[in-house]
Amino acid sequence: MEPITPPRLNLARLPTPLVPLRRFSEKHKVPTIWMKRDDLTDTAASGNKLRKLEFCVAQALEEGATTLITSGAVQSNHCRATAIVASQLGLRSHLILRGKSSEHPDGNLLLDELVGANISFVSGADFKELDRVVEDISNQYRQQGEIPYAIPIGASDEIGLWGYIEACRELKSDFTSVNINPGFIFSAAGSGGTAGGLILGNHLYQLDTGIMSFSVSENEAYFVDKVSKDIQSWRERYKYDININELEVNIIGGHVGPGYGRADTPVFDTIRDLARTEGILLDPVYTGKAFHGLMTELSLGRFTTSSDIVFIHTGGIFSLFPHKDQLHAG
């Protein structure tokens, strides 16, 4: 049976640049770090989620959707990107956000409101029953004559995996253009979709590199299980004849810090360091935490066997603003 080709929208500005952090790498005496600037996929709907939404929203339109429903934390980059894409396409959006509303919304939440997303703020207890909450809200829209389509947290399912499968096709071209054979590709893992897509894309496009993901929320076992299940679902849905037992899911733990969405002083110091050395902005939720984890691992002598390594900048600039007090303190 021939593999199934998924529908896709043209949402992101691709290809994104692959740039060397030469000054930063020389300053810290580490292998040359190349950064894939997926923070530049768009201005407002920026970041890695836009690559995934090209496929998830295309599927939603295939099914006649008029309303996109998704969920995340109050400062979710994914929810912000989904709300903006919905507005661009003339769809409604409904965000289920874990946390409380604010009299003075900031960062992603401010943009959610600006583009007209309907928002339900739910408690941590209700968020643990997310499937029920999504179905209740979906039924409300059906009663209004709308056709709802639910996108999972982070657009991380077998459909969303295509975003970083196809990013690997782009990376293969990048590596040829700059003449490098990086030993490792690193990214943050918040919902697992970027990691899963990179693992599959590395195999399908024969990048011959190690895919390593820094957990910014759950433990390693959680992500190994989540990514493995997503890859299995992808194989079943799209009928690709690959041996998934050959695919390694490498999750690096120990760098979550105080917890999801919170960072300690060393992470903020790394964010300032890169900003002042290279003029590139990371966020304290995903990229800053993962990049600080990478620098910590390199300082311990890990991943130094290759002269070139790659870090995927997955976006998140708007998450800087709710942390302005910590950043200003430096």
# chains A, B, ... in the order shown; residues from 1 in each chain; ligands from 1

call {"tool": "select_by_dssp", "arguments": {"residues": "region 155-321 of chain A", "states": "helix (DSSP H, G or I)", "output": "PyMOL selection string"}}
result
chain A and resi 155+162-178+193-204+220-238+244-246+265-278+287-299+317-321

call {"tool": "closest_atom_pairs", "arguments": {"of": "region 195-314 of chain A", "to": "region 139-155 of chain A", "cutoff": "12 Å", "atoms": "only C-alpha atoms", "output": "tab-separated table"}}
result
residue	atom	partner	partner_atom	distance
A:Ala195	CA	A:Gly154	CA	11.7
A:Gly196	CA	A:Ala155	CA	11.8
A:Gly197	CA	A:Ala155	CA	11.5
A:Asp230	CA	A:Ala155	CA	11.3
A:Thr314	CA	A:Gly154	CA	11.8

call {"tool": "write_last_selection", "arguments": {"atoms": "N, CA and C atoms", "output": "mmCIF file, in the first residue's frame"}}
result
data_model
loop_
_atom_site.group_PDB
_atom_site.id
_atom_site.type_symbol
_atom_site.label_atom_id
_atom_site.label_comp_id
_atom_site.auth_asym_id
_atom_site.auth_seq_id
_atom_site.Cartn_x
_atom_site.Cartn_y
_atom_site.Cartn_z
ATOM 1 N N ALA A 195 9.845 16.679 18.904
ATOM 2 C CA ALA A 195 10.768 15.550 19.053
ATOM 3 C C ALA A 195 10.367 14.386 18.154
ATOM 4 N N GLY A 196 9.087 14.035 18.162
ATOM 5 C CA GLY A 196 8.622 12.917 17.354
ATOM 6 C C GLY A 196 8.814 13.159 15.871
ATOM 7 N N GLY A 197 8.510 14.382 15.424
ATOM 8 C CA GLY A 197 8.698 14.704 14.020
ATOM 9 C C GLY A 197 10.153 14.660 13.609
ATOM 10 N N ASP A 230 2.860 8.481 19.716
ATOM 11 C CA ASP A 230 2.563 9.350 18.575
ATOM 12 C C ASP A 230 3.165 8.776 17.290
ATOM 13 N N THR A 314 12.576 27.171 18.749
ATOM 14 C CA THR A 314 11.159 26.921 18.497
ATOM 15 C C THR A 314 10.264 28.118 18.787
#

call {"tool": "residues_around", "arguments": {"residues": "region 73-77 of chain A", "least_positions_apart": "3", "cutoff": "7 Å", "atoms": "only C-alpha atoms", "output": "tab-separated table (two decimals) with C-alpha atoms, in the first residue's frame"}}
result
chain	number	residue	atom	x	y	z
A	80	ARG	CA	-1.68	31.96	20.57
A	81	ALA	CA	-0.53	30.59	17.20
A	97	LEU	CA	-6.33	27.65	29.31
A	98	ARG	CA	-5.08	26.15	32.57
A	99	GLY	CA	-4.99	29.02	35.05
A	107	GLY	CA	2.31	38.21	26.44
A	108	ASN	CA	0.49	35.44	24.61
A	109	LEU	CA	-2.75	35.96	26.53
A	316	GLY	CA	8.27	31.86	22.26
A	319	SER	CA	6.61	34.57	26.81

call {"tool": "closest_residue", "arguments": {"among": "A:Ile159, A:Leu68, A:Ile309, A:Leu198", "to": "Tyr238 (chain A)", "atoms": "only C-alpha atoms"}}
result
A:Ile159

call {"tool": "atom_distance", "arguments": {"atom1": "CA of Ser120 (chain A)", "atom2": "CA of Val216 (chain A)"}}
result
24.4 Å

call {"tool": "atom_distance", "arguments": {"atom1": "CA of Gly201 (chain A)", "atom2": "CA of Cys168 (chain A)"}}
result
5.1 Å

call {"tool": "closest_residue", "arguments": {"among": "A:Phe318, A:Phe24, A:Tyr260, A:Tyr205", "to": "Arg276 (chain A)", "atoms": "only C-alpha atoms"}}
result
A:Phe24

call {"tool": "residues_around", "arguments": {"residues": "Thr304 (chain A)", "least_positions_apart": "3", "cutoff": "12 Å", "atoms": "only C-alpha atoms", "output": "list in words"}}
result
Ser25, Lys29, Val30, Pro31, Thr32, Ile33, Pro182, Gly183, Phe184, Leu294, Met295, Thr296, Glu297, Leu298, Ser299, Leu300, Gly301, Ser307, Asp308 and Ile309 of chain A

call {"tool": "closest_residue", "arguments": {"among": "A:Leu281, A:Leu114, A:Ala188, A:Leu50", "to": "Gly163 (chain A)", "atoms": "only C-alpha atoms"}}
result
A:Leu50

call {"tool": "residues_around", "arguments": {"residues": "region 262-266 of chain A", "least_positions_apart": "3", "cutoff": "10 Å", "atoms": "only C-alpha atoms", "output": "JSON, numbers by chain"}}
result
{"A": [216, 217, 255, 256, 257, 258, 259, 269, 270, 271, 272, 283, 284, 285, 286, 288, 289, 292, 323, 326, 327, 330]}

call {"tool": "atom_distance", "arguments": {"atom1": "CA of Ser102 (chain A)", "atom2": "CA of Phe121 (chain A)"}}
result
10.3 Å

call {"tool": "closest_residue", "arguments": {"among": "A:Asp208, A:Glu54, A:Glu103, A:Asp325", "to": "Pro7 (chain A)", "atoms": "only C-alpha atoms"}}
result
A:Glu54

call {"tool": "closest_residue", "arguments": {"among": "A:Ile251, A:Leu11, A:Leu110, A:Leu95", "to": "Val122 (chain A)", "atoms": "only C-alpha atoms"}}
result
A:Leu95

call {"tool": "residues_around", "arguments": {"residues": "Asp112 (chain A)", "least_positions_apart": "5", "cutoff": "8 Å", "atoms": "only C-alpha atoms", "output": "JSON, numbers by chain"}}
result
{"A": [79, 80, 83, 84, 117]}

call {"tool": "write_last_selection", "arguments": {"atoms": "C-alpha atoms", "output": "compact mmCIF listing (two decimals), in the first residue's frame"}}
result
# COMPACT_ATOMS: atom_id res chain seq x y z
CA CYS A 79 -2.78 28.52 21.72
CA ARG A 80 -1.68 31.96 20.57
CA ALA A 83 -5.92 31.67 17.56
CA ILE A 84 -4.01 33.84 15.08
CA ALA A 117 -10.35 33.96 20.68

call {"tool": "residues_around", "arguments": {"residues": "Ser173 (chain A)", "least_positions_apart": "3", "cutoff": "12 Å", "atoms": "only C-alpha atoms", "output": "list of chain:residue names"}}
result
A:Pro15, A:Thr16, A:Pro17, A:Leu18, A:Glu166, A:Ala167, A:Cys168, A:Arg169, A:Glu170, A:Thr176, A:Ser177, A:Val178, A:Asn179, A:Ile180, A:Asn181, A:Tyr205, A:Gln206, A:Leu207

call {"tool": "write_last_selection", "arguments": {"atoms": "N, CA and C atoms", "output": "JSON list (two decimals), in the first residue's frame"}}
result
[["chain", "number", "residue", "atom", "x", "y", "z"],
["A", 15, "PRO", "N", 11.94, 28.48, 3.67],
["A", 15, "PRO", "CA", 12.67, 27.88, 4.79],
["A", 15, "PRO", "C", 13.15, 28.94, 5.79],
["A", 16, "THR", "N", 13.32, 28.52, 7.03],
["A", 16, "THR", "CA", 13.89, 29.43, 8.03],
["A", 16, "THR", "C", 15.42, 29.33, 7.98],
["A", 17, "PRO", "N", 16.12, 30.38, 8.42],
["A", 17, "PRO", "CA", 17.59, 30.36, 8.35],
["A", 17, "PRO", "C", 18.21, 29.38, 9.33],
["A", 18, "LEU", "N", 19.36, 28.86, 8.94],
["A", 18, "LEU", "CA", 20.23, 28.10, 9.85],
["A", 18, "LEU", "C", 21.50, 28.94, 10.02],
["A", 166, "GLU", "N", 8.82, 17.25, 7.85],
["A", 166, "GLU", "CA", 9.16, 18.05, 6.68],
["A", 166, "GLU", "C", 10.24, 19.08, 6.99],
["A", 167, "ALA", "N", 10.37, 19.48, 8.25],
["A", 167, "ALA", "CA", 11.48, 20.36, 8.63],
["A", 167, "ALA", "C", 12.81, 19.66, 8.40],
["A", 168, "CYS", "N", 12.83, 18.34, 8.54],
["A", 168, "CYS", "CA", 14.07, 17.58, 8.31],
["A", 168, "CYS", "C", 14.47, 17.59, 6.84],
["A", 169, "ARG", "N", 13.50, 17.64, 5.94],
["A", 169, "ARG", "CA", 13.82, 17.80, 4.53],
["A", 169, "ARG", "C", 14.55, 19.13, 4.33],
["A", 170, "GLU", "N", 14.07, 20.15, 5.02],
["A", 170, "GLU", "CA", 14.68, 21.49, 4.96],
["A", 170, "GLU", "C", 16.08, 21.47, 5.56],
["A", 176, "THR", "N", 23.65, 20.67, 3.52],
["A", 176, "THR", "CA", 24.40, 20.65, 2.26],
["A", 176, "THR", "C", 24.89, 22.05, 1.90],
["A", 177, "SER", "N", 24.03, 23.04, 2.10],
["A", 177, "SER", "CA", 24.37, 24.42, 1.73],
["A", 177, "SER", "C", 25.56, 24.95, 2.53],
["A", 178, "VAL", "N", 25.61, 24.64, 3.84],
["A", 178, "VAL", "CA", 26.68, 25.17, 4.68],
["A", 178, "VAL", "C", 27.79, 24.16, 4.91],
["A", 179, "ASN", "N", 27.63, 22.97, 4.30],
["A", 179, "ASN", "CA", 28.66, 21.94, 4.33],
["A", 179, "ASN", "C", 29.01, 21.49, 5.75],
["A", 180, "ILE", "N", 27.99, 21.06, 6.47],
["A", 180, "ILE", "CA", 28.24, 20.50, 7.80],
["A", 180, "ILE", "C", 27.54, 19.15, 7.92],
["A", 181, "ASN", "N", 28.04, 18.32, 8.83],
["A", 181, "ASN", "CA", 27.42, 17.05, 9.19],
["A", 181, "ASN", "C", 27.28, 17.01, 10.71],
["A", 205, "TYR", "N", 14.61, 11.07, 5.96],
["A", 205, "TYR", "CA", 15.47, 11.87, 5.08],
["A", 205, "TYR", "C", 16.96, 11.61, 5.31],
["A", 206, "GLN", "N", 17.24, 10.62, 6.14],
["A", 206, "GLN", "CA", 18.61, 10.11, 6.33],
["A", 206, "GLN", "C", 19.60, 11.24, 6.69],
["A", 207, "LEU", "N", 19.25, 11.97, 7.73],
["A", 207, "LEU", "CA", 20.15, 13.01, 8.21],
["A", 207, "LEU", "C", 21.36, 12.42, 8.94]]

call {"tool": "select_by_dssp", "arguments": {"residues": "region 141-184 of chain A", "states": "strand (DSSP E)", "output": "PyMOL selection string"}}
result
chain A and resi 148-150+184
